[in-house]
$ cat entry_26.cif   # mmCIF, C-alpha atoms (C1' of nucleotides)
data_model
#
loop_
_atom_site.group_PDB
_atom_site.id
_atom_site.type_symbol
_atom_site.label_atom_id
_atom_site.label_comp_id
_atom_site.auth_asym_id
_atom_site.auth_seq_id
_atom_site.Cartn_x
_atom_site.Cartn_y
_atom_site.Cartn_z
ATOM 1 C CA MET A 10 8.044 3.694 -0.523
ATOM 2 C CA THR A 11 5.987 5.769 -2.892
ATOM 3 C CA THR A 12 2.641 4.197 -3.767
ATOM 4 C CA LEU A 13 0.258 4.565 -6.651
ATOM 5 C CA ARG A 14 -2.368 5.954 -4.331
ATOM 6 C CA GLN A 15 -0.128 8.796 -3.247
ATOM 7 C CA LEU A 16 0.454 9.744 -6.878
ATOM 8 C CA GLU A 17 -3.273 9.451 -7.544
ATOM 9 C CA TYR A 18 -4.037 11.780 -4.641
ATOM 10 C CA LEU A 19 -1.447 14.295 -5.798
ATOM 11 C CA VAL A 20 -2.923 14.391 -9.290
ATOM 12 C CA ALA A 21 -6.426 14.779 -7.882
ATOM 13 C CA VAL A 22 -5.431 17.729 -5.712
ATOM 14 C CA VAL A 23 -3.702 19.432 -8.614
ATOM 15 C CA ASP A 24 -6.606 18.837 -10.974
ATOM 16 C CA GLU A 25 -9.190 20.041 -8.482
ATOM 17 C CA GLY A 26 -7.067 22.841 -7.123
ATOM 18 C CA SER A 27 -8.199 22.025 -3.607
ATOM 19 C CA PHE A 28 -7.737 19.348 -0.955
ATOM 20 C CA THR A 29 -11.412 19.451 -0.054
ATOM 21 C CA ARG A 30 -12.769 18.872 -3.554
ATOM 22 C CA ALA A 31 -10.116 16.261 -4.300
ATOM 23 C CA ALA A 32 -11.041 14.404 -1.112
ATOM 24 C CA GLU A 33 -14.714 14.169 -1.981
ATOM 25 C CA LEU A 34 -13.849 13.229 -5.545
ATOM 26 C CA LEU A 35 -11.728 10.357 -4.222
ATOM 27 C CA HIS A 36 -14.329 9.387 -1.609
ATOM 28 C CA VAL A 37 -11.946 9.859 1.278
ATOM 29 C CA THR A 38 -11.852 12.424 4.059
ATOM 30 C CA GLN A 39 -9.684 15.497 3.967
ATOM 31 C CA PRO A 40 -7.317 14.307 6.726
ATOM 32 C CA ALA A 41 -6.649 11.015 4.953
ATOM 33 C CA LEU A 42 -5.799 12.867 1.765
ATOM 34 C CA SER A 43 -3.654 15.371 3.619
ATOM 35 C CA HIS A 44 -1.756 12.585 5.320
ATOM 36 C CA GLN A 45 -0.974 10.802 2.054
ATOM 37 C CA ILE A 46 0.271 13.978 0.414
ATOM 38 C CA ARG A 47 2.366 14.599 3.482
ATOM 39 C CA ALA A 48 3.855 11.119 3.266
ATOM 40 C CA LEU A 49 4.650 11.602 -0.409
ATOM 41 C CA GLU A 50 6.326 14.909 0.342
ATOM 42 C CA GLN A 51 8.391 13.359 3.109
ATOM 43 C CA SER A 52 9.511 10.440 0.981
ATOM 44 C CA THR A 53 10.452 12.916 -1.712
ATOM 45 C CA GLY A 54 12.258 15.280 0.578
ATOM 46 C CA GLY A 55 10.408 18.529 0.041
ATOM 47 C CA PHE A 56 7.120 20.263 -0.527
ATOM 48 C CA LEU A 57 5.180 19.423 -3.667
ATOM 49 C CA LEU A 58 2.271 21.771 -3.136
ATOM 50 C CA GLU A 59 2.050 25.372 -2.065
ATOM 51 C CA ARG A 60 -0.940 25.747 0.259
ATOM 52 C CA LEU A 61 -2.402 29.122 -0.537
ATOM 53 C CA PRO A 62 -5.328 30.550 1.392
ATOM 54 C CA ARG A 63 -7.736 30.182 -1.513
ATOM 55 C CA SER A 64 -6.120 27.525 -3.707
ATOM 56 C CA VAL A 65 -3.279 25.074 -4.134
ATOM 57 C CA ARG A 66 -0.343 25.420 -6.490
ATOM 58 C CA LEU A 67 2.510 23.181 -7.516
ATOM 59 C CA THR A 68 6.009 23.906 -6.314
ATOM 60 C CA PRO A 69 8.820 23.343 -8.838
ATOM 61 C CA MET A 70 9.314 19.899 -7.297
ATOM 62 C CA GLY A 71 5.660 19.102 -7.730
ATOM 63 C CA ARG A 72 5.740 20.375 -11.283
ATOM 64 C CA ALA A 73 8.686 18.089 -12.023
ATOM 65 C CA MET A 74 6.942 15.096 -10.528
ATOM 66 C CA LEU A 75 3.435 15.537 -11.877
ATOM 67 C CA PRO A 76 3.762 14.332 -15.486
ATOM 68 C CA HIS A 77 5.542 11.175 -14.337
ATOM 69 C CA ALA A 78 2.833 10.595 -11.766
ATOM 70 C CA ARG A 79 0.187 10.869 -14.463
ATOM 71 C CA ALA A 80 2.155 8.501 -16.670
ATOM 72 C CA ALA A 81 2.523 5.937 -13.898
ATOM 73 C CA LEU A 82 -1.201 6.036 -13.190
ATOM 74 C CA ALA A 83 -2.010 5.699 -16.867
ATOM 75 C CA ASP A 84 0.324 2.719 -17.209
ATOM 76 C CA ALA A 85 -1.132 1.033 -14.168
ATOM 77 C CA GLY A 86 -4.582 1.487 -15.614
ATOM 78 C CA ARG A 87 -3.443 0.088 -18.936
ATOM 79 C CA ALA A 88 -1.921 -2.894 -17.165
ATOM 80 C CA ARG A 89 -5.277 -3.698 -15.609
ATOM 81 C CA THR A 90 -7.353 -3.174 -18.730
ATOM 82 C CA ALA A 91 -4.945 -5.026 -20.982
ATOM 83 C CA ALA A 92 -5.061 -8.032 -18.682
ATOM 84 C CA ARG A 93 -8.826 -7.911 -18.377
ATOM 85 C CA GLN A 94 -9.266 -7.747 -22.121
ATOM 86 C CA VAL A 95 -7.264 -10.915 -22.496
ATOM 87 C CA ALA A 96 -9.260 -12.403 -19.648
ATOM 88 C CA HIS A 97 -12.479 -11.778 -21.500
ATOM 89 C CA LEU A 98 -11.077 -13.375 -24.613
ATOM 90 C CA GLU A 99 -9.982 -16.443 -22.714
ATOM 91 C CA GLN A 100 -12.643 -16.831 -20.101
ATOM 92 C CA GLY A 101 -15.476 -16.429 -22.543
ATOM 93 C CA GLU A 102 -17.329 -19.601 -23.120
ATOM 94 C CA LEU A 103 -16.291 -21.747 -26.009
ATOM 95 C CA ARG A 104 -19.480 -23.336 -27.264
ATOM 96 C CA LEU A 105 -19.202 -26.533 -29.195
ATOM 97 C CA ALA A 106 -22.061 -28.162 -31.010
ATOM 98 C CA THR A 107 -21.298 -31.746 -31.840
ATOM 99 C CA LEU A 108 -22.901 -35.045 -32.312
ATOM 100 C CA TYR A 109 -22.899 -36.837 -28.991
ATOM 101 C CA SER A 110 -20.979 -39.763 -30.405
ATOM 102 C CA VAL A 111 -18.181 -37.476 -31.576
ATOM 103 C CA SER A 112 -17.991 -35.489 -28.331
ATOM 104 C CA LEU A 113 -17.515 -38.704 -26.454
ATOM 105 C CA GLY A 114 -14.074 -38.999 -28.008
ATOM 106 C CA VAL A 115 -13.032 -35.329 -28.130
ATOM 107 C CA LEU A 116 -14.131 -33.804 -24.862
ATOM 108 C CA PRO A 117 -12.024 -35.972 -22.554
ATOM 109 C CA GLN A 118 -8.886 -34.952 -24.469
ATOM 110 C CA LEU A 119 -9.758 -31.274 -24.178
ATOM 111 C CA SER A 120 -10.362 -31.643 -20.501
ATOM 112 C CA LYS A 121 -6.891 -33.039 -20.008
ATOM 113 C CA ARG A 122 -5.258 -29.986 -21.571
ATOM 114 C CA GLY A 123 -7.363 -27.121 -20.296
ATOM 115 C CA GLY A 124 -7.012 -27.487 -16.571
ATOM 116 C CA ARG A 125 -10.251 -26.600 -14.829
ATOM 117 C CA ASN A 126 -12.802 -27.035 -17.573
ATOM 118 C CA THR A 127 -16.454 -27.570 -16.930
ATOM 119 C CA ALA A 128 -18.654 -29.338 -19.407
ATOM 120 C CA THR A 129 -22.363 -28.682 -19.397
ATOM 121 C CA GLY A 130 -25.168 -29.725 -21.665
ATOM 122 C CA SER A 131 -26.757 -33.023 -22.509
ATOM 123 C CA ARG A 132 -27.038 -35.719 -25.098
ATOM 124 C CA SER A 133 -29.552 -33.580 -26.918
ATOM 125 C CA GLY A 134 -26.816 -32.041 -29.035
ATOM 126 C CA CYS A 135 -25.194 -29.003 -27.321
ATOM 127 C CA SER A 136 -22.241 -28.861 -24.922
ATOM 128 C CA SER A 137 -20.239 -25.899 -23.665
ATOM 129 C CA ILE A 138 -16.784 -25.742 -22.129
ATOM 130 C CA ALA A 139 -15.532 -22.818 -20.082
ATOM 131 C CA THR A 140 -11.785 -22.384 -20.394
ATOM 132 C CA PRO A 141 -10.402 -20.275 -17.551
ATOM 133 C CA THR A 142 -6.846 -21.267 -18.367
ATOM 134 C CA SER A 143 -4.783 -20.502 -21.417
ATOM 135 C CA TRP A 144 -5.789 -23.205 -23.789
ATOM 136 C CA ARG A 145 -5.605 -22.629 -27.509
ATOM 137 C CA PRO A 146 -6.867 -24.866 -30.248
ATOM 138 C CA PRO A 147 -3.961 -26.987 -31.532
ATOM 139 C CA MET B 711 -6.775 -1.737 -5.869
ATOM 140 C CA THR B 712 -3.635 -2.663 -7.722
ATOM 141 C CA THR B 713 -0.475 -1.320 -6.111
ATOM 142 C CA LEU B 714 2.980 -0.536 -7.381
ATOM 143 C CA ARG B 715 4.431 -3.220 -5.179
ATOM 144 C CA GLN B 716 2.305 -5.909 -6.765
ATOM 145 C CA LEU B 717 3.533 -4.873 -10.191
ATOM 146 C CA GLU B 718 7.096 -4.787 -8.899
ATOM 147 C CA TYR B 719 6.755 -8.299 -7.535
ATOM 148 C CA LEU B 720 5.281 -9.581 -10.780
ATOM 149 C CA VAL B 721 8.158 -8.147 -12.788
ATOM 150 C CA ALA B 722 10.680 -9.644 -10.387
ATOM 151 C CA VAL B 723 9.168 -13.108 -10.642
ATOM 152 C CA VAL B 724 9.146 -12.952 -14.420
ATOM 153 C CA ASP B 725 12.703 -11.657 -14.614
ATOM 154 C CA GLU B 726 14.014 -14.247 -12.181
ATOM 155 C CA GLY B 727 11.833 -17.058 -13.490
ATOM 156 C CA SER B 728 11.171 -18.224 -9.948
ATOM 157 C CA PHE B 729 9.284 -17.149 -6.850
ATOM 158 C CA THR B 730 12.172 -18.152 -4.631
ATOM 159 C CA ARG B 731 14.851 -16.112 -6.376
ATOM 160 C CA ALA B 732 12.507 -13.152 -6.817
ATOM 161 C CA ALA B 733 11.719 -13.233 -3.106
ATOM 162 C CA GLU B 734 15.332 -13.093 -2.034
ATOM 163 C CA LEU B 735 16.049 -10.415 -4.629
ATOM 164 C CA LEU B 736 13.232 -8.316 -3.155
ATOM 165 C CA HIS B 737 14.278 -9.084 0.443
ATOM 166 C CA VAL B 738 10.914 -10.567 1.314
ATOM 167 C CA THR B 739 9.880 -14.109 2.109
ATOM 168 C CA GLN B 740 8.345 -16.447 -0.390
ATOM 169 C CA PRO B 741 4.868 -16.427 1.205
ATOM 170 C CA ALA B 742 4.697 -12.635 1.175
ATOM 171 C CA LEU B 743 5.591 -12.599 -2.493
ATOM 172 C CA SER B 744 3.139 -15.379 -3.277
ATOM 173 C CA HIS B 745 0.374 -13.563 -1.498
ATOM 174 C CA GLN B 746 0.932 -10.320 -3.393
ATOM 175 C CA ILE B 747 0.928 -12.106 -6.724
ATOM 176 C CA ARG B 748 -2.236 -13.850 -5.654
ATOM 177 C CA ALA B 749 -3.859 -10.537 -4.773
ATOM 178 C CA LEU B 750 -2.871 -9.077 -8.129
ATOM 179 C CA GLU B 751 -4.303 -12.070 -9.923
ATOM 180 C CA GLN B 752 -7.549 -11.817 -8.002
ATOM 181 C CA SER B 753 -7.944 -8.114 -8.664
ATOM 182 C CA THR B 754 -7.264 -8.815 -12.309
ATOM 183 C CA GLY B 755 -9.607 -11.747 -12.558
ATOM 184 C CA GLY B 756 -7.341 -14.549 -13.755
ATOM 185 C CA PHE B 757 -3.971 -16.182 -13.546
ATOM 186 C CA LEU B 758 -0.946 -14.159 -14.637
ATOM 187 C CA LEU B 759 1.693 -16.841 -14.096
ATOM 188 C CA GLU B 760 1.819 -20.479 -14.965
ATOM 189 C CA ARG B 761 3.476 -22.297 -12.072
ATOM 190 C CA LEU B 762 5.543 -25.028 -13.668
ATOM 191 C CA PRO B 763 7.469 -27.550 -11.613
ATOM 192 C CA ARG B 764 10.837 -26.148 -12.579
ATOM 193 C CA SER B 765 10.066 -22.609 -13.632
ATOM 194 C CA VAL B 766 7.434 -19.911 -13.987
ATOM 195 C CA ARG B 767 5.957 -18.694 -17.234
ATOM 196 C CA LEU B 768 3.614 -15.894 -18.174
ATOM 197 C CA THR B 769 0.075 -16.634 -19.193
ATOM 198 C CA PRO B 770 -1.318 -14.547 -22.062
ATOM 199 C CA MET B 771 -2.875 -12.290 -19.436
ATOM 200 C CA GLY B 772 0.455 -11.864 -17.740
ATOM 201 C CA ARG B 773 2.125 -11.218 -21.053
ATOM 202 C CA ALA B 774 -0.429 -8.510 -21.810
ATOM 203 C CA MET B 775 0.072 -6.871 -18.441
ATOM 204 C CA LEU B 776 3.837 -7.039 -18.102
ATOM 205 C CA PRO B 777 5.029 -4.190 -20.359
ATOM 206 C CA HIS B 778 2.546 -1.822 -18.751
ATOM 207 C CA ALA B 779 3.711 -2.923 -15.333
ATOM 208 C CA ARG B 780 7.305 -2.180 -16.303
ATOM 209 C CA ALA B 781 6.254 1.195 -17.673
ATOM 210 C CA ALA B 782 4.373 2.091 -14.507
ATOM 211 C CA LEU B 783 7.368 1.194 -12.356
ATOM 212 C CA ALA B 784 9.690 3.192 -14.579
ATOM 213 C CA ASP B 785 7.404 6.226 -14.420
ATOM 214 C CA ALA B 786 7.098 6.009 -10.662
ATOM 215 C CA GLY B 787 10.879 5.891 -10.435
ATOM 216 C CA ARG B 788 11.174 8.873 -12.727
ATOM 217 C CA ALA B 789 8.639 10.761 -10.617
ATOM 218 C CA ARG B 790 10.819 10.298 -7.560
ATOM 219 C CA THR B 791 14.118 11.097 -9.233
ATOM 220 C CA ALA B 792 12.748 14.106 -11.098
ATOM 221 C CA ALA B 793 11.470 15.576 -7.867
ATOM 222 C CA ARG B 794 14.677 14.844 -6.006
ATOM 223 C CA GLN B 795 16.764 16.443 -8.726
ATOM 224 C CA VAL B 796 14.789 19.635 -8.355
ATOM 225 C CA ALA B 797 15.141 19.316 -4.607
ATOM 226 C CA HIS B 798 18.906 19.180 -4.938
ATOM 227 C CA LEU B 799 18.909 22.203 -7.220
ATOM 228 C CA GLU B 800 16.866 24.143 -4.734
ATOM 229 C CA GLN B 801 18.220 22.887 -1.472
ATOM 230 C CA GLY B 802 21.842 22.892 -2.588
ATOM 231 C CA GLU B 803 24.029 25.539 -1.126
ATOM 232 C CA LEU B 804 24.507 28.738 -3.036
ATOM 233 C CA ARG B 805 28.014 29.917 -2.273
ATOM 234 C CA LEU B 806 28.783 33.563 -2.677
ATOM 235 C CA ALA B 807 32.224 35.063 -2.446
ATOM 236 C CA THR B 808 32.083 38.793 -1.934
ATOM 237 C CA LEU B 809 33.895 41.593 -0.326
ATOM 238 C CA TYR B 810 32.544 42.042 3.155
ATOM 239 C CA SER B 811 31.577 45.622 2.483
ATOM 240 C CA VAL B 812 29.475 44.560 -0.528
ATOM 241 C CA SER B 813 27.805 41.667 1.243
ATOM 242 C CA LEU B 814 26.691 44.007 3.974
ATOM 243 C CA GLY B 815 24.306 45.572 1.503
ATOM 244 C CA VAL B 816 23.283 42.522 -0.532
ATOM 245 C CA LEU B 817 22.763 39.728 1.943
ATOM 246 C CA PRO B 818 19.955 41.296 3.943
ATOM 247 C CA GLN B 819 17.915 41.712 0.743
ATOM 248 C CA LEU B 820 18.425 38.087 -0.221
ATOM 249 C CA SER B 821 17.420 36.974 3.227
ATOM 250 C CA LYS B 822 14.125 38.799 2.901
ATOM 251 C CA ARG B 823 13.187 36.850 -0.234
ATOM 252 C CA GLY B 824 14.439 33.354 0.463
ATOM 253 C CA GLY B 825 12.552 32.335 3.568
ATOM 254 C CA ARG B 826 14.707 30.239 5.851
ATOM 255 C CA ASN B 827 18.221 31.168 4.773
ATOM 256 C CA THR B 828 21.261 30.648 6.916
ATOM 257 C CA ALA B 829 24.382 32.712 6.454
ATOM 258 C CA THR B 830 27.731 31.331 7.527
ATOM 259 C CA GLY B 831 31.253 32.553 7.168
ATOM 260 C CA SER B 832 33.147 35.519 8.444
ATOM 261 C CA ARG B 833 34.571 38.874 7.544
ATOM 262 C CA SER B 834 37.575 37.082 6.094
ATOM 263 C CA GLY B 835 35.940 36.994 2.653
ATOM 264 C CA CYS B 836 33.601 33.993 2.193
ATOM 265 C CA SER B 837 29.927 33.579 3.017
ATOM 266 C CA SER B 838 27.441 30.881 2.030
ATOM 267 C CA ILE B 839 23.666 30.864 1.995
ATOM 268 C CA ALA B 840 21.552 27.718 2.021
ATOM 269 C CA THR B 841 18.268 28.153 0.206
ATOM 270 C CA PRO B 842 15.788 25.430 1.150
ATOM 271 C CA THR B 843 12.902 27.256 -0.489
ATOM 272 C CA SER B 844 12.286 27.988 -4.130
ATOM 273 C CA TRP B 845 14.202 31.138 -4.612
ATOM 274 C CA ARG B 846 15.614 31.993 -8.036
ATOM 275 C CA PRO B 847 17.970 34.808 -8.920
ATOM 276 C CA PRO B 848 15.914 37.764 -10.257
ATOM 277 C "C1'" DA C 1268 -17.502 33.396 12.256
ATOM 278 C "C1'" DT C 1269 -16.601 30.575 8.355
ATOM 279 C "C1'" DC C 1270 -13.777 28.056 5.234
ATOM 280 C "C1'" DG C 1271 -9.693 25.125 4.241
ATOM 281 C "C1'" DG C 1272 -5.971 22.429 5.874
ATOM 282 C "C1'" DT C 1273 -3.493 19.997 9.659
ATOM 283 C "C1'" DT C 1274 -2.796 17.267 13.911
ATOM 284 C "C1'" DA C 1275 -4.304 13.751 17.398
ATOM 285 C "C1'" DC C 1276 -6.038 9.453 18.212
ATOM 286 C "C1'" DG C 1277 -8.549 4.986 18.141
ATOM 287 C "C1'" DC C 1278 -9.795 1.366 15.103
ATOM 288 C "C1'" DT C 1279 -9.612 -1.552 11.283
ATOM 289 C "C1'" DA C 1280 -7.345 -3.768 7.678
ATOM 290 C "C1'" DT C 1281 -3.352 -4.956 5.326
ATOM 291 C "C1'" DC C 1282 1.182 -6.975 5.048
ATOM 292 C "C1'" DC C 1283 4.964 -9.494 6.568
ATOM 293 C "C1'" DG C 1284 7.434 -13.458 8.650
ATOM 294 C "C1'" DT C 1285 7.454 -18.165 10.929
ATOM 295 C "C1'" DA C 1286 5.681 -22.601 10.711
ATOM 296 C "C1'" DA C 1287 3.149 -26.191 8.780
ATOM 297 C "C1'" DT C 1288 1.142 -28.305 4.414
ATOM 298 C "C1'" DA C 1289 0.917 -29.810 -0.503
ATOM 299 C "C1'" DA C 1290 2.696 -31.128 -4.808
ATOM 300 C "C1'" DT C 1291 6.112 -32.467 -8.082
ATOM 301 C "C1'" DA C 1292 10.498 -34.483 -9.747
ATOM 302 C "C1'" DT D 305 13.673 -37.105 -0.534
ATOM 303 C "C1'" DA D 306 14.454 -32.468 -2.033
ATOM 304 C "C1'" DT D 307 12.713 -28.439 -4.038
ATOM 305 C "C1'" DT D 308 9.094 -25.005 -4.761
ATOM 306 C "C1'" DA D 309 4.788 -22.846 -3.984
ATOM 307 C "C1'" DT D 310 0.620 -22.337 -0.954
ATOM 308 C "C1'" DT D 311 -2.038 -21.965 3.441
ATOM 309 C "C1'" DA D 312 -2.490 -20.673 8.505
ATOM 310 C "C1'" DC D 313 -1.711 -17.634 11.934
ATOM 311 C "C1'" DG D 314 0.268 -14.100 15.203
ATOM 312 C "C1'" DG D 315 2.297 -9.566 15.402
ATOM 313 C "C1'" DA D 316 3.593 -5.160 13.493
ATOM 314 C "C1'" DT D 317 2.535 -1.427 10.452
ATOM 315 C "C1'" DA D 318 -0.191 1.628 7.738
ATOM 316 C "C1'" DG D 319 -4.438 3.876 6.376
ATOM 317 C "C1'" DC D 320 -8.849 5.712 7.374
ATOM 318 C "C1'" DG D 321 -12.406 8.387 9.890
ATOM 319 C "C1'" DT D 322 -13.997 11.329 13.877
ATOM 320 C "C1'" DA D 323 -12.852 15.106 16.488
ATOM 321 C "C1'" DA D 324 -10.177 18.922 17.911
ATOM 322 C "C1'" DC D 325 -7.093 22.688 16.351
ATOM 323 C "C1'" DC D 326 -4.981 26.533 13.664
ATOM 324 C "C1'" DG D 327 -4.800 30.379 10.181
ATOM 325 C "C1'" DA D 328 -6.768 33.291 7.194
ATOM 326 C "C1'" DT D 329 -10.621 35.808 5.176
#

$ encode --input "entry_26.cif" --output "structure tokens"
Amino acid sequence: MTTLRQLEYLVAVVDEGSFTRAAELLHVTQPALSHQIRALEQSTGGFLLERLPRSVRLTPMGRAMLPHARAALADAGRARTAARQVAHLEQGELRLATLYSVSLGVLPQLSKRGGRNTATGSRSGCSSIATPTSWRPP
Amino acid sequence: MTTLRQLEYLVAVVDEGSFTRAAELLHVTQPALSHQIRALEQSTGGFLLERLPRSVRLTPMGRAMLPHARAALADAGRARTAARQVAHLEQGELRLATLYSVSLGVLPQLSKRGGRNTATGSRSGCSSIATPTSWRPP
DNA sequence: ATCGGTTACGCTATCCGTAATAATA
DNA sequence: TATTATTACGGATAGCGTAACCGAT
């Protein structure tokens, strides 16, 4: 099965024009990188890179694969960042300032809906509720 | 690091609406699937799926991630197929029908350029050359 | 002789499957 | 009780790093 890491390594080698530089860019050793490229080539059924004495060039197969590899990596990155952005929206603290007498009635109801909410603060007038789950104001 | 497989599993669970059905669709066991989803959620920093008693629903985070996950999977698939298509173009047999007297002069020249070519056939009028390397007609 | 890539090999970590556990209708 | 997801754990696989090797300048 072709993995994201293999595509990432391929792109790095092409961008750097060298296994050695790509390896140090990726913080792995040259053999590890070489092995992954090898695995990708085997799962694809042919050579993707032409190993020249002084540089590395794409074969036609590699040239056909590269843009899709870049796209896959970009999408995977977007998947992570999109999720994390939502996470920041939702996991941010929702600070509520209320009169203590009012919060006595409201907070228990919120706690029932939000899952794992934690209420901090004191009678002195400020409480905060962290909402790690997907609760929205009704 | 987020892997293609994790994204694939997420998409399967959403499409099937159930861990169980997704697991059998993917030919893995339920625990394996559960663990991968868990890993994805941890690397993302929050829940992606809401486990309901009778079904599974996306959280806002999951909803934000899903289209990018689909896109990444599609691109990875395209990367493989694009490369394999080129492979078939290049590794497919190139059949040449010539007069034997003509082929005597031409074939040796082709062999010099193509790398590992194999010539089959006989004097009776048909020869074929397999070209596993990236040779193109001049 | 040096530089760049590959192969060999031992170790660690990851992943999967079986079995047991928990929770909900 | 039946269904569905999670946790625990043993075994297989994959990935990495060190070291040795090859080919070319």

$ interface_residues --input "entry_26.cif" --of "chain A" --to "chain D" --cutoff "12 Å" --atoms "all atoms listed in the file" --output "compact mmCIF listing (two decimals) with C-alpha atoms, in the coordinates of the input"
# COMPACT_ATOMS: atom_id res chain seq x y z
CA MET A 10 8.04 3.69 -0.52
CA ARG A 14 -2.37 5.95 -4.33
CA GLN A 15 -0.13 8.80 -3.25
CA HIS A 36 -14.33 9.39 -1.61
CA VAL A 37 -11.95 9.86 1.28
CA THR A 38 -11.85 12.42 4.06
CA GLN A 39 -9.68 15.50 3.97
CA PRO A 40 -7.32 14.31 6.73
CA ALA A 41 -6.65 11.02 4.95
CA LEU A 42 -5.80 12.87 1.76
CA SER A 43 -3.65 15.37 3.62
CA HIS A 44 -1.76 12.58 5.32
CA GLN A 45 -0.97 10.80 2.05
CA ALA A 48 3.86 11.12 3.27
CA ARG A 60 -0.94 25.75 0.26
CA LEU A 61 -2.40 29.12 -0.54
CA PRO A 62 -5.33 30.55 1.39
CA ARG A 63 -7.74 30.18 -1.51

$ interface_residues --input "entry_26.cif" --of "chain C" --to "chain A" --cutoff "8 Å" --atoms "only C-alpha atoms (C1' of nucleotides)" --output "ChimeraX atom specification"
/C:1271-1273

$ residues_around --input "entry_26.cif" --residues "Met775 in chain B" --least-positions-apart "3" --cutoff "9 Å" --atoms "all atoms listed in the file" --output "mmCIF file with C-alpha atoms, in the coordinates of the input"
data_model
loop_
_atom_site.group_PDB
_atom_site.id
_atom_site.type_symbol
_atom_site.label_atom_id
_atom_site.label_comp_id
_atom_site.auth_asym_id
_atom_site.auth_seq_id
_atom_site.Cartn_x
_atom_site.Cartn_y
_atom_site.Cartn_z
ATOM 1 C CA ARG A 87 -3.443 0.088 -18.936
ATOM 2 C CA ALA A 88 -1.921 -2.894 -17.165
ATOM 3 C CA ARG A 89 -5.277 -3.698 -15.609
ATOM 4 C CA THR A 90 -7.353 -3.174 -18.730
ATOM 5 C CA ALA A 91 -4.945 -5.026 -20.982
ATOM 6 C CA ALA A 92 -5.061 -8.032 -18.682
ATOM 7 C CA ARG A 93 -8.826 -7.911 -18.377
ATOM 8 C CA LEU B 758 -0.946 -14.159 -14.637
ATOM 9 C CA PRO B 770 -1.318 -14.547 -22.062
ATOM 10 C CA MET B 771 -2.875 -12.290 -19.436
ATOM 11 C CA GLY B 772 0.455 -11.864 -17.740
ATOM 12 C CA HIS B 778 2.546 -1.822 -18.751
ATOM 13 C CA ALA B 779 3.711 -2.923 -15.333
ATOM 14 C CA ARG B 780 7.305 -2.180 -16.303
#

$ resolve_selection --input "entry_26.cif" --expression "the PyMOL selection byres ((chain B) within 12 of (chain A))" --output "NGL selection string"
:B and (711-718 or 720 or 750-760 or 767-801 or 842-846)

$ atom_distance --input "entry_26.cif" --atom1 "CA of Ile747 in chain B" --atom2 "CA of Ala732 in chain B"
11.6 Å

$ atom_distance --input "entry_26.cif" --atom1 "CA of Arg47 in chain A" --atom2 "C1' of DA1275 in chain C"
15.5 Å

$ atom_distance --input "entry_26.cif" --atom1 "CA of Tyr719 in chain B" --atom2 "CA of Leu736 in chain B"
7.8 Å
